[in-house]
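A.B. asks: So here's final-v1.cif, just mmCIF, C-alpha atoms:
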```cif
data_input
#
loop_
_atom_site.label_atom_id
_atom_site.label_comp_id
_atom_site.auth_asym_id
_atom_site.auth_seq_id
_atom_site.Cartn_x
_atom_site.Cartn_y
_atom_site.Cartn_z
CA MET V 1 4.52 29.65 -22.47
CA LYS V 2 0.87 30.63 -22.78
CA ILE V 3 -1.53 27.67 -22.84
CA ASN V 4 -5.10 27.81 -24.05
CA ILE V 5 -6.82 25.71 -21.43
CA THR V 6 -10.35 25.56 -22.81
CA PRO V 7 -9.69 23.30 -25.84
CA ILE V 8 -7.84 20.80 -23.66
CA ILE V 9 -10.71 20.64 -21.16
CA SER V 10 -13.34 20.52 -23.92
CA ALA V 11 -11.58 17.60 -25.62
CA LEU V 12 -11.98 15.57 -22.44
CA THR V 13 -15.70 16.31 -22.28
CA ARG V 14 -16.11 14.89 -25.80
CA GLN V 15 -15.14 11.42 -24.56
CA ARG V 16 -18.00 8.93 -24.40
CA GLY V 17 -19.92 9.13 -21.12
CA VAL V 18 -18.15 12.25 -19.86
CA SER V 19 -20.54 14.91 -18.62
CA GLY V 20 -18.04 17.49 -17.49
CA SER V 21 -14.38 18.37 -17.05
CA LEU V 22 -12.96 20.98 -14.76
CA LEU V 23 -9.57 22.40 -13.91
CA VAL V 24 -9.66 23.31 -10.25
CA ASP V 25 -7.33 25.00 -7.79
CA GLU V 26 -6.54 22.27 -5.28
CA THR V 27 -6.17 24.56 -2.29
CA ASP V 28 -9.46 26.44 -2.41
CA GLY V 29 -11.53 24.27 -4.76
CA VAL V 30 -12.28 27.14 -7.14
CA ILE V 31 -12.82 26.46 -10.86
CA ILE V 32 -10.04 27.68 -13.16
CA ASP V 33 -11.82 26.53 -16.29
CA ALA V 34 -14.60 24.04 -16.99
CA THR V 35 -16.75 22.51 -19.68
CA LEU V 36 -19.94 21.11 -18.21
CA GLN V 37 -23.25 19.82 -19.44
CA VAL V 38 -26.19 22.13 -18.82
CA GLY V 39 -27.55 21.84 -15.31
CA MET V 40 -24.40 20.46 -13.69
CA LYS V 41 -23.39 22.04 -10.39
CA GLY V 42 -19.86 23.07 -11.37
CA PRO V 43 -18.78 24.83 -8.17
CA ALA V 44 -19.99 21.95 -5.99
CA PHE V 45 -18.18 19.38 -8.12
CA ALA V 46 -15.04 21.47 -8.11
CA ALA V 47 -15.00 21.98 -4.37
CA LEU V 48 -15.77 18.39 -3.46
CA ALA V 49 -13.45 16.82 -6.01
CA ALA V 50 -10.57 19.09 -5.03
CA SER V 51 -11.19 18.35 -1.38
CA LEU V 52 -11.24 14.59 -2.04
CA TYR V 53 -8.06 14.77 -4.10
CA ARG V 54 -6.30 16.89 -1.48
CA LYS V 55 -7.31 14.51 1.30
CA ALA V 56 -6.10 11.52 -0.73
CA ARG V 57 -2.82 13.27 -1.52
CA LEU V 58 -2.09 14.22 2.08
CA SER V 59 -3.13 10.80 3.39
CA ALA V 60 -1.00 8.95 0.85
CA GLN V 61 2.01 11.09 1.73
CA ALA V 62 1.44 10.52 5.43
CA ALA V 63 1.22 6.79 4.81
CA GLY V 64 4.55 6.88 2.98
CA LEU V 65 3.08 6.12 -0.44
CA GLY V 66 4.35 9.25 -2.20
CA ASP V 67 2.38 11.64 -4.40
CA VAL V 68 -1.02 10.81 -5.87
CA THR V 69 -0.97 10.62 -9.66
CA PHE V 70 -4.56 9.60 -10.36
CA LEU V 71 -7.74 9.05 -8.40
CA ARG V 72 -10.92 7.31 -9.45
CA LEU V 73 -14.11 7.25 -7.41
CA ARG V 74 -16.74 4.84 -8.60
CA ALA V 75 -20.38 5.19 -7.62
CA THR V 76 -23.57 3.46 -8.68
CA GLU V 77 -24.42 6.26 -11.13
CA GLY V 78 -20.97 7.09 -12.47
CA TYR V 79 -17.39 8.09 -11.82
CA VAL V 80 -15.36 11.02 -10.61
CA CYS V 81 -11.74 10.98 -11.81
CA ALA V 82 -9.04 13.40 -10.73
CA ALA V 83 -5.39 13.93 -11.58
CA GLY V 84 -3.30 16.70 -10.13
CA LYS V 85 -0.02 18.54 -10.39
CA ASN V 86 1.36 21.85 -9.13
CA GLU V 87 -1.69 22.51 -6.92
CA MET V 88 -4.09 22.12 -9.84
CA VAL V 89 -6.54 19.26 -10.20
CA LEU V 90 -8.09 18.11 -13.42
CA VAL V 91 -11.49 16.58 -12.65
CA THR V 92 -13.74 14.58 -14.94
CA ILE V 93 -17.27 13.40 -14.19
CA ALA V 94 -18.53 10.47 -16.20
CA ASP V 95 -21.53 8.20 -16.24
CA ALA V 96 -21.45 4.46 -15.68
CA ARG V 97 -21.00 3.58 -19.40
CA ALA V 98 -17.78 5.58 -19.77
CA ASN V 99 -14.49 3.97 -20.80
CA ILE V 100 -12.46 4.82 -17.73
CA GLY V 101 -9.20 3.42 -19.14
CA LEU V 102 -9.38 5.83 -22.05
CA ILE V 103 -10.46 8.76 -19.90
CA ARG V 104 -7.57 8.11 -17.51
CA MET V 105 -5.07 8.14 -20.35
CA GLU V 106 -6.50 11.33 -21.88
CA MET V 107 -6.58 13.06 -18.49
CA LEU V 108 -2.94 12.28 -17.76
CA LYS V 109 -1.96 13.54 -21.21
CA ALA V 110 -4.08 16.67 -20.76
CA LEU V 111 -2.55 17.35 -17.38
CA GLU V 112 0.94 17.24 -18.85
CA ARG V 113 -0.08 19.88 -21.38
CA LEU V 114 -1.82 22.03 -18.78
CA VAL V 115 1.08 22.27 -16.36
CA LEU V 116 3.82 22.88 -18.91
CA MET O 117 14.25 14.07 9.18
CA ALA O 118 16.69 16.36 7.33
CA ASP O 119 17.70 17.98 10.62
CA ASP O 120 18.35 14.58 12.17
CA ILE O 121 20.49 13.55 9.23
CA ARG O 122 22.48 16.78 9.40
CA ARG O 123 23.00 16.41 13.16
CA LEU O 124 24.04 12.76 12.88
CA SER O 125 26.39 13.53 9.99
CA GLU O 126 28.10 16.25 12.04
CA GLU O 127 28.39 13.91 15.00
CA LEU O 128 29.97 11.24 12.82
CA ALA O 129 32.35 13.77 11.27
CA ARG O 130 33.50 14.78 14.75
CA ASP O 131 34.04 11.19 15.80
CA PRO O 132 34.35 8.73 12.89
CA ALA O 133 34.60 5.80 15.31
CA SER O 134 31.24 6.64 16.88
CA PRO O 135 28.43 4.07 16.52
CA VAL O 136 26.18 6.94 15.40
CA TYR O 137 26.69 5.72 11.83
CA LEU O 138 23.98 3.14 12.58
CA GLN O 139 21.39 5.84 13.25
CA LEU O 140 22.59 7.90 10.31
CA GLY O 141 22.44 4.95 7.93
CA GLU O 142 18.95 4.05 9.15
CA ALA O 143 17.74 7.65 8.80
CA LEU O 144 19.09 7.81 5.24
CA ARG O 145 17.49 4.47 4.42
CA ARG O 146 14.11 5.57 5.73
CA GLY O 147 14.47 8.78 3.75
CA GLY O 148 15.03 6.76 0.59
CA GLN O 149 18.65 7.90 0.16
CA LEU O 150 19.81 4.35 -0.37
CA ASP O 151 23.17 5.01 -2.05
CA LEU O 152 24.23 7.32 0.76
CA ALA O 153 22.90 4.91 3.38
CA LEU O 154 24.93 2.12 1.80
CA LYS O 155 28.07 4.25 1.82
CA VAL O 156 27.62 5.11 5.51
CA ALA O 157 26.91 1.48 6.42
CA LEU O 158 29.94 0.18 4.53
CA ARG O 159 32.25 2.74 6.15
CA GLY O 160 30.86 1.80 9.54
CA LEU O 161 31.40 -1.85 8.78
CA GLU O 162 35.06 -1.18 7.93
CA ARG O 163 35.55 0.12 11.47
CA HIS O 164 33.22 -2.37 13.17
CA PRO O 165 33.43 -5.58 11.10
CA HIS O 166 32.14 -7.80 13.89
CA ASP O 167 29.23 -5.64 14.91
CA ALA O 168 25.93 -7.46 14.30
CA ASP O 169 23.94 -4.23 14.00
CA SER O 170 26.20 -3.02 11.18
CA HIS O 171 25.43 -6.14 9.16
CA ASP O 172 21.74 -5.80 10.09
CA LEU O 173 21.70 -2.25 8.74
CA LEU O 174 23.43 -3.35 5.56
CA ALA O 175 20.86 -6.13 5.13
CA ARG O 176 17.93 -3.72 5.47
CA ILE O 177 19.48 -1.37 2.93
CA ALA O 178 19.99 -4.33 0.59
CA VAL O 179 16.29 -5.24 0.88
CA ASP O 180 15.32 -1.70 -0.06
CA ARG O 181 17.67 -1.94 -3.04
CA ASP O 182 15.94 -5.18 -4.03
CA GLU O 183 19.16 -7.15 -3.43
CA LEU O 184 17.57 -10.03 -1.59
CA GLU O 185 20.50 -12.46 -1.82
CA ARG O 186 22.85 -9.92 -0.36
CA ALA O 187 20.37 -9.12 2.41
CA PHE O 188 20.07 -12.79 3.27
CA ASP O 189 23.87 -13.17 3.44
CA GLU O 190 24.20 -10.15 5.72
CA TRP O 191 21.52 -11.44 8.08
CA ASP O 192 23.19 -14.83 8.04
CA MET O 193 26.36 -13.05 9.19
CA VAL O 194 24.37 -11.31 11.94
CA ARG O 195 23.11 -14.69 13.11
CA ARG O 196 26.65 -16.04 13.32
CA ILE O 197 27.88 -13.04 15.31
CA ALA O 198 24.80 -12.80 17.54
CA PRO O 199 22.94 -16.13 17.61
CA ASP O 200 19.94 -14.62 19.46
CA HIS O 201 19.46 -11.69 17.08
CA LEU O 202 15.71 -11.44 16.44
CA GLY O 203 15.98 -9.07 13.46
CA ALA O 204 18.19 -11.50 11.56
CA ARG O 205 15.65 -14.32 11.84
CA LYS O 206 12.82 -12.00 10.82
CA GLY O 207 14.82 -10.67 7.91
CA MET O 208 15.86 -14.08 6.63
CA GLY O 209 12.26 -15.25 6.92
CA TYR O 210 11.13 -12.21 4.95
CA VAL O 211 13.66 -12.76 2.15
CA LEU O 212 12.71 -16.42 1.82
CA PHE O 213 9.01 -15.47 1.82
CA LYS O 214 9.64 -13.01 -1.01
CA GLN O 215 11.45 -15.75 -2.89
CA GLY O 216 8.48 -18.08 -2.46
CA ARG O 217 10.49 -20.47 -0.26
CA PHE O 218 7.74 -20.69 2.34
CA ALA O 219 8.88 -23.82 4.21
CA GLU O 220 12.34 -22.33 4.84
CA ALA O 221 10.77 -18.99 5.75
CA GLU O 222 8.62 -20.74 8.31
CA THR O 223 11.71 -22.26 9.95
CA TYR O 224 13.37 -18.89 10.49
CA LEU O 225 10.17 -17.16 11.59
CA ALA O 226 9.40 -19.98 14.03
CA GLU O 227 12.89 -19.49 15.49
CA ALA O 228 12.17 -15.75 15.76
CA SER O 229 8.92 -16.53 17.50
CA GLU O 230 10.78 -18.69 20.02
CA LEU O 231 13.17 -15.81 20.67
CA ASP O 232 10.33 -13.35 21.24
CA GLY O 233 6.82 -14.77 21.45
CA GLU O 234 5.39 -11.29 22.08
CA ASP O 235 6.57 -9.80 18.78
CA GLU O 236 3.41 -9.15 16.75
CA THR O 237 5.25 -8.68 13.46
CA VAL O 238 6.70 -12.18 13.78
CA ALA O 239 3.29 -13.65 14.62
CA THR O 240 1.79 -11.88 11.61
CA ALA O 241 4.51 -13.02 9.23
CA LEU O 242 4.36 -16.58 10.55
CA ALA O 243 0.60 -16.69 10.08
CA MET O 244 0.96 -15.50 6.49
CA VAL O 245 3.67 -18.02 5.70
CA ARG O 246 1.59 -20.85 7.13
CA VAL O 247 -1.39 -19.85 5.00
CA LYS O 248 0.86 -19.88 1.93
CA LEU O 249 2.22 -23.27 2.90
CA ARG O 250 -1.28 -24.63 3.34
CA GLY O 251 -2.15 -23.27 -0.09
CA ASP O 252 0.90 -24.90 -1.66
CA ARG O 253 0.15 -28.25 -0.09
CA GLY O 254 -3.56 -27.97 -0.89
CA SER O 255 -2.97 -27.16 -4.54
CA ARG O 256 -0.59 -30.14 -4.85
CA GLY O 257 -3.17 -32.39 -3.19
CA ASP O 258 -0.63 -33.35 -0.51
CA ARG O 259 -1.61 -35.48 2.41
CA GLY O 260 -0.12 -35.16 5.85
CA ASP O 261 2.76 -37.39 6.95
CA ARG O 262 0.35 -39.57 8.87
CA GLY O 263 -1.98 -39.98 5.93
CA GLU O 264 -4.40 -37.38 7.33
CA PRO O 265 -6.26 -35.13 4.96
CA SER O 266 -4.46 -31.82 4.58
CA PRO O 267 -6.25 -28.53 5.35
CA PRO O 268 -8.40 -27.18 2.53
CA PRO O 269 -6.56 -25.42 -0.27
CA VAL O 270 -6.70 -21.70 0.31
CA SER O 271 -8.32 -21.11 -3.06
CA SER O 272 -11.37 -22.95 -1.77
CA LEU O 273 -11.67 -20.82 1.35
CA ASP O 274 -14.93 -19.32 0.27
CA THR O 275 -17.45 -21.14 2.41
CA LEU O 276 -18.30 -19.78 5.81
CA ASP O 277 -17.05 -22.87 7.64
CA ASP O 278 -13.67 -22.63 5.95
CA LEU O 279 -13.26 -19.09 7.24
CA ASP O 280 -12.86 -20.53 10.72
CA THR O 281 -9.47 -21.85 9.65
CA LEU O 282 -8.17 -18.29 9.14
CA ASP O 283 -7.30 -15.84 11.87
CA HIS O 284 -7.78 -12.11 11.49
CA LEU O 285 -4.16 -11.53 10.43
CA SER O 286 -4.25 -13.96 7.54
CA LEU O 287 -7.82 -13.34 6.36
CA PHE O 288 -6.68 -12.12 2.94
CA ALA O 289 -3.31 -13.89 2.71
CA ASP O 290 -4.34 -16.35 0.01
CA LEU O 291 -6.08 -13.68 -2.06
CA THR O 292 -3.14 -11.30 -1.96
CA ALA O 293 -0.77 -13.89 -3.36
CA ASP O 294 2.92 -13.31 -4.18
CA GLY O 295 3.36 -10.70 -1.44
CA GLU O 296 2.99 -7.78 -3.86
CA GLN O 297 -0.41 -6.84 -2.49
CA THR O 298 -1.75 -6.40 0.97
CA ALA O 299 -5.29 -5.99 2.27
CA LEU O 300 -6.74 -4.50 5.43
CA LEU O 301 -10.22 -4.40 6.88
CA LEU O 302 -10.72 -1.22 8.91
CA ASP O 303 -13.59 -0.31 11.19
CA ALA O 304 -15.44 3.01 11.04
CA THR O 305 -12.80 4.66 13.21
CA GLY O 306 -9.84 3.53 11.08
CA LEU O 307 -8.74 0.73 13.39
CA VAL O 308 -7.56 -2.53 11.82
CA MET O 309 -9.95 -5.46 12.17
CA ALA O 310 -8.18 -7.91 9.86
CA GLY O 311 -5.21 -8.17 7.53
CA THR O 312 -1.66 -6.93 7.66
CA TYR O 313 0.47 -4.29 5.95
CA LEU O 314 4.12 -5.31 6.02
CA THR O 315 6.90 -3.01 4.89
CA GLN O 316 9.92 -4.35 3.03
CA ASP O 317 11.81 -4.80 6.28
CA GLY O 318 8.97 -6.85 7.75
CA ARG O 319 7.37 -4.17 9.97
CA ASP O 320 3.59 -4.28 10.24
CA VAL O 321 2.41 -0.70 9.65
CA ALA O 322 -1.27 -1.61 9.23
CA GLN O 323 -2.45 0.68 12.04
CA GLU O 324 -0.56 3.68 10.68
CA VAL O 325 -1.64 3.18 7.07
CA GLY O 326 -5.23 2.41 8.11
CA ALA O 327 -5.44 5.52 10.27
CA GLU O 328 -4.06 7.76 7.53
CA LEU O 329 -6.12 6.42 4.64
CA SER O 330 -9.47 5.74 6.29
CA GLY O 331 -10.26 9.47 6.28
CA VAL O 332 -10.33 9.42 2.48
CA SER O 333 -13.47 7.26 2.53
CA ASP O 334 -15.29 9.83 4.68
CA GLU O 335 -14.44 12.41 2.06
CA ALA O 336 -15.71 10.10 -0.71
CA ARG O 337 -18.97 9.51 1.13
CA ARG O 338 -19.44 13.24 1.64
CA ALA O 339 -18.77 14.00 -2.02
CA MET O 340 -21.18 11.37 -3.28
CA ARG O 341 -23.93 12.58 -0.98
CA HIS O 342 -23.72 16.05 -2.51
CA LEU O 343 -23.13 15.12 -6.12
CA GLY O 344 -26.04 12.75 -6.59
CA LEU O 345 -23.99 9.97 -8.18
CA GLY O 346 -25.39 7.34 -5.84
CA ASN O 347 -23.45 5.36 -3.26
CA TRP O 348 -19.72 4.98 -3.82
CA SER O 349 -18.53 1.46 -4.48
CA SER O 350 -14.77 1.88 -4.84
CA LEU O 351 -12.05 4.46 -4.69
CA THR O 352 -8.73 3.88 -6.41
CA VAL O 353 -5.73 6.07 -5.69
CA GLU O 354 -2.59 5.71 -7.78
CA THR O 355 0.52 7.01 -6.08
CA ASP O 356 4.23 7.11 -6.85
CA ALA O 357 4.78 3.97 -4.80
CA ALA O 358 1.61 1.91 -5.06
CA VAL O 359 -2.00 1.61 -6.07
CA VAL O 360 -4.46 1.76 -3.19
CA ALA O 361 -8.04 0.66 -3.74
CA MET O 362 -10.79 1.01 -1.14
CA ALA O 363 -14.34 -0.22 -0.90
CA PRO O 364 -17.04 0.49 1.67
CA MET O 365 -18.26 -2.35 3.88
CA ARG O 366 -21.20 -2.74 6.26
CA ASP O 367 -21.25 -0.69 9.47
CA ASP O 368 -19.05 1.97 7.81
CA ALA O 369 -16.10 -0.41 7.74
CA LEU O 370 -13.59 -0.08 4.91
CA LEU O 371 -11.65 -2.60 2.85
CA LEU O 372 -8.27 -1.31 1.75
CA LEU O 373 -6.05 -3.03 -0.79
CA ALA O 374 -2.55 -1.82 -1.60
CA ALA O 375 -0.80 -3.25 -4.63
CA SER O 376 2.42 -2.75 -6.49
CA LYS O 377 2.32 -0.13 -9.25
CA ALA O 378 3.31 -2.86 -11.65
CA MET O 379 0.00 -4.66 -11.11
CA PRO O 380 -2.59 -3.91 -13.83
CA LEU O 381 -5.44 -1.75 -12.53
CA GLY O 382 -8.09 -4.18 -13.72
CA LEU O 383 -6.47 -6.95 -11.70
CA VAL O 384 -6.30 -4.68 -8.65
CA HIS O 385 -10.08 -4.28 -8.83
CA ARG O 386 -10.63 -8.00 -9.24
CA VAL O 387 -8.55 -8.72 -6.15
CA LEU O 388 -10.41 -5.94 -4.33
CA ASP O 389 -13.76 -7.56 -5.22
CA ARG O 390 -12.54 -10.91 -3.89
CA CYS O 391 -11.29 -9.33 -0.68
CA VAL O 392 -14.64 -7.53 -0.25
CA ALA O 393 -16.49 -10.85 -0.64
CA ARG O 394 -14.17 -12.51 1.88
CA ALA O 395 -14.51 -9.64 4.37
CA SER O 396 -18.31 -9.59 4.00
CA ALA O 397 -18.51 -13.29 4.79
CA TRP O 398 -16.14 -12.87 7.73
CA LEU O 399 -18.05 -9.90 9.13
CA GLY O 400 -21.30 -11.76 8.55
CA LYS O 401 -20.06 -14.55 10.80
CA GLY O 402 -19.48 -11.99 13.54
CA ALA O 403 -15.80 -12.92 13.54
CA ALA O 404 -14.77 -9.36 14.33
#
```
Output the file's structure as structure tokens, nothing else.

C.D. replies:
Amino acid sequence: MKINITPIISALTRQRGVSGSLLVDETDGVIIDATLQVGMKGPAFAALAASLYRKARLSAQAAGLGDVTFLRLRATEGYVCAAGKNEMVLVTIADARANIGLIRMEMLKALERLVL
Amino acid sequence: MADDIRRLSEELARDPASPVYLQLGEALRRGGQLDLALKVALRGLERHPHDADSHDLLARIAVDRDELERAFDEWDMVRRIAPDHLGARKGMGYVLFKQGRFAEAETYLAEASELDGEDETVATALAMVRVKLRGDRGSRGDRGDRGEPSPPPVSSLDTLDDLDTLDHLSLFADLTADGEQTALLLDATGLVMAGTYLTQDGRDVAQEVGAELSGVSDEARRAMRHLGLGNWSSLTVETDAAVVAMAPMRDDALLLLAASKAMPLGLVHRVLDRCVARASAWLGKGAA
């Protein structure tokens, strides 16, 4: 089944506080599709977020905790959220006022649609 | 793992009376194949009904299947067959701890400690049980048998002097109540400074888990440095089996909290914040 990725990614970016969403290849950190605010360093976000997700996934497996379903990194200026499946990672960057509960739910739903 | 299971299965097929069923059952249990592990253990038990290790295996499988009563009964059987069996005492203590019967758990764990005073998992479990007991007595306002004031309730262990009453193993025991969460304080190299991480069969795997997960914080630090989002304050990883939350501490130390998936995420972060405050105070005292 052919899936149009862009509308799914764009819908995430319309959430309050979200400044960018990216679908990234987990292995090499390359962007598959992205919707970003002007001036955002997409490739850097993609590479670092994919690397963080991959590290978390491998570490969790090694620690006997199973697969990672969602990751949230909180910093003083905002959040990086990631959810992955089938070697793809959906990444969202949000500022500190974002509703992370809502973003998490939308990301998990979006991921289901993306990996159909 | 799969190769081991295949090899052990073949060995058992060649000689059904062989005690290799114990290794096979354990390998299946560790691999999460609990129904198969149970089948192997039960068949082994039919041939070796008075073998303590068979009952011990069955008890560990029962714990993994969340059948605590059955596990307790099996370990009780082990204790009857082999009165000095350490695993049975540890297991019974663990089941009672999970059931919130801390005083009884302490009895069995103290017996285990007498059998092997060098066993760190027993010392860890005993320390945790005693903190829980102190909390129970403190919250009821109990006084000692001789009319002495009881130790402070664990919920009030927030002043620096009170921290002296906790050892490094039980630093977070009162904060990670009900045994569904566990917290570790790791140094910059991933070594455990405080806390415990007990598996369902009572093994302390803190060093292993700490070593594996501490690398994630390095990755988080690196990402934040490049992305200009400021310093990272927490990292939450949801997995199939648990929720793991981490927070940076002074001197590149790391606080790691693992909680059941059933625990609401907001509550996980609240417990994480409390553990961070406790660890900061403890580190500030130079306790490490």

A.B. asks: Set the distance at 9 Å and use only C-alpha atoms: which residues neighbour Ala94 in chain V once local chain neighbours fewer than 3 positions away are removed? I'd like the list as a PyMOL selection string.

C.D. replies: chain V and resi 13+16-21+77-81+97-100

A.B. asks: Name the residues captured by the PyMOL selection byres ((chain V and resi 7-11) around 10) when it is applied to the shown file; answer as a list in words.

C.D. replies: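 Written out, the selection comes to Ile3, Asn4, Ile5, Thr6, Leu12, Thr13, Arg14, Gln15, Gly20, Ser21, Leu22, Leu23, Asp33, Ala34, Thr35, Leu36, Leu90, Val91, Thr92, Glu106, Met107, Lys109, Ala110, Leu111, Arg113 and Leu114 of chain V.
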
A.B. asks: Tell me which residues the PyMOL selection byres ((chain V) within 12 of (chain O)) grabs here, as an MDAnalysis selection string.

C.D. replies: chainID V and resid 40:84 93:96 100:101 104 108

A.B. asks: Considering only C-alpha atoms, can you say which of O:Met208, O:Leu174, O:Ala221, O:Cys391 comes closest to Ala289 in chain O?

C.D. replies: O:Cys391

A.B. asks: Do you know which residues the PyMOL selection byres ((chain O and resi 138-150) around 7) returns on this file, as number ranges by chain?

C.D. replies: O: 121, 124-125, 135-137, 151-154, 156-157, 170, 173, 177

A.B. asks: Would you list the residues near (13.8, -7.9, 1.0), meaning any protein, DNA or RNA residue with an atom at most 8 Å from that point in file coordinates, counting all atoms listed in the file, as a list in words?

C.D. replies: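 It turns out the residues near that spot are Arg176, Ala178, Val179, Asp180, Asp182, Glu183, Leu184, Ala187, Gly207, Tyr210, Val211, Lys214, Gln316 and Asp317 of chain O.
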
A.B. asks: To test the calculation: enclose all listed atoms of range 105-114 of chain V in a box whose edges run along x, y and z, add 8 Å on each side, then state centre and edge lengths in Å to one decimal, as lines of an AutoDock Vina configuration file.

C.D. replies:
```
center_x = -2.8
center_y = 15.1
center_z = -19.6
size_x = 23.5
size_y = 29.9
size_z = 20.5
```

A.B. asks: Taking 2 positions as the minimum chain separation for residues in the same chain, which residues sit within 6 Å of range 24-27 of chain V when counting all atoms listed in the file? Answer as a list in words.

C.D. replies: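 After dropping sequence-adjacent residues, the list is Gly29, Val30, Ile31, Ile32, Ala50, Glu87, Met88 and Val89 of chain V.
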
A.B. asks: Using only C-alpha atoms, please write the residues we just selected to a file, as an mmCIF file, keeping the file's coordinate frame.

C.D. replies:
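Dumped everything to part.cif:
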```cif
data_model
loop_
_atom_site.group_PDB
_atom_site.id
_atom_site.type_symbol
_atom_site.label_atom_id
_atom_site.label_comp_id
_atom_site.auth_asym_id
_atom_site.auth_seq_id
_atom_site.Cartn_x
_atom_site.Cartn_y
_atom_site.Cartn_z
ATOM 1 C CA GLY V 29 -11.530 24.270 -4.760
ATOM 2 C CA VAL V 30 -12.280 27.140 -7.140
ATOM 3 C CA ILE V 31 -12.820 26.460 -10.860
ATOM 4 C CA ILE V 32 -10.040 27.680 -13.160
ATOM 5 C CA ALA V 50 -10.570 19.090 -5.030
ATOM 6 C CA GLU V 87 -1.690 22.510 -6.920
ATOM 7 C CA MET V 88 -4.090 22.120 -9.840
ATOM 8 C CA VAL V 89 -6.540 19.260 -10.200
#
```

A.B. asks: Rounded to one decimal place, report the CA of Ala393 in chain O-CA of Thr298 in chain O distance in Å.

C.D. replies: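 So the answer is 15.5 Å.
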
A.B. asks: Within 12 Å of Arg205 in chain O, counting all atoms listed in the file, which residues qualify if same-chain residues fewer than 3 places away don't, as a PDB file with C-alpha atoms, in the frame of the given file?

C.D. replies:
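Output saved as selection06.pdb:
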```
ATOM      1  CA  ASP O 172      21.740  -5.800  10.090  1.00  0.00           C
ATOM      2  CA  ALA O 175      20.860  -6.130   5.130  1.00  0.00           C
ATOM      3  CA  ALA O 187      20.370  -9.120   2.410  1.00  0.00           C
ATOM      4  CA  PHE O 188      20.070 -12.790   3.270  1.00  0.00           C
ATOM      5  CA  ASP O 189      23.870 -13.170   3.440  1.00  0.00           C
ATOM      6  CA  GLU O 190      24.200 -10.150   5.720  1.00  0.00           C
ATOM      7  CA  TRP O 191      21.520 -11.440   8.080  1.00  0.00           C
ATOM      8  CA  ASP O 192      23.190 -14.830   8.040  1.00  0.00           C
ATOM      9  CA  MET O 193      26.360 -13.050   9.190  1.00  0.00           C
ATOM     10  CA  VAL O 194      24.370 -11.310  11.940  1.00  0.00           C
ATOM     11  CA  ARG O 195      23.110 -14.690  13.110  1.00  0.00           C
ATOM     12  CA  ARG O 196      26.650 -16.040  13.320  1.00  0.00           C
ATOM     13  CA  ALA O 198      24.800 -12.800  17.540  1.00  0.00           C
ATOM     14  CA  PRO O 199      22.940 -16.130  17.610  1.00  0.00           C
ATOM     15  CA  ASP O 200      19.940 -14.620  19.460  1.00  0.00           C
ATOM     16  CA  HIS O 201      19.460 -11.690  17.080  1.00  0.00           C
ATOM     17  CA  LEU O 202      15.710 -11.440  16.440  1.00  0.00           C
ATOM     18  CA  MET O 208      15.860 -14.080   6.630  1.00  0.00           C
ATOM     19  CA  GLY O 209      12.260 -15.250   6.920  1.00  0.00           C
ATOM     20  CA  TYR O 210      11.130 -12.210   4.950  1.00  0.00           C
ATOM     21  CA  VAL O 211      13.660 -12.760   2.150  1.00  0.00           C
ATOM     22  CA  LEU O 212      12.710 -16.420   1.820  1.00  0.00           C
ATOM     23  CA  GLU O 220      12.340 -22.330   4.840  1.00  0.00           C
ATOM     24  CA  ALA O 221      10.770 -18.990   5.750  1.00  0.00           C
ATOM     25  CA  GLU O 222       8.620 -20.740   8.310  1.00  0.00           C
ATOM     26  CA  THR O 223      11.710 -22.260   9.950  1.00  0.00           C
ATOM     27  CA  TYR O 224      13.370 -18.890  10.490  1.00  0.00           C
ATOM     28  CA  LEU O 225      10.170 -17.160  11.590  1.00  0.00           C
ATOM     29  CA  ALA O 226       9.400 -19.980  14.030  1.00  0.00           C
ATOM     30  CA  GLU O 227      12.890 -19.490  15.490  1.00  0.00           C
ATOM     31  CA  ALA O 228      12.170 -15.750  15.760  1.00  0.00           C
ATOM     32  CA  SER O 229       8.920 -16.530  17.500  1.00  0.00           C
ATOM     33  CA  GLU O 230      10.780 -18.690  20.020  1.00  0.00           C
ATOM     34  CA  LEU O 231      13.170 -15.810  20.670  1.00  0.00           C
ATOM     35  CA  ASP O 232      10.330 -13.350  21.240  1.00  0.00           C
ATOM     36  CA  THR O 237       5.250  -8.680  13.460  1.00  0.00           C
ATOM     37  CA  VAL O 238       6.700 -12.180  13.780  1.00  0.00           C
ATOM     38  CA  ALA O 241       4.510 -13.020   9.230  1.00  0.00           C
ATOM     39  CA  LEU O 242       4.360 -16.580  10.550  1.00  0.00           C
ATOM     40  CA  ASP O 317      11.810  -4.800   6.280  1.00  0.00           C
ATOM     41  CA  GLY O 318       8.970  -6.850   7.750  1.00  0.00           C
TER      42      GLY O 318
END
```

A.B. asks: So how many Å separate CA of Ala243 in chain O and CA of Phe218 in chain O, to one decimal?

C.D. replies: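 CA of Phe218 in chain O lies 11.3 Å from CA of Ala243 in chain O.
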
A.B. asks: Grab the CA of Arg386 in chain O to CA of Asp290 in chain O distance for me, in Å with one decimal place.

C.D. replies: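 Distance between the two atoms: 14.0 Å.
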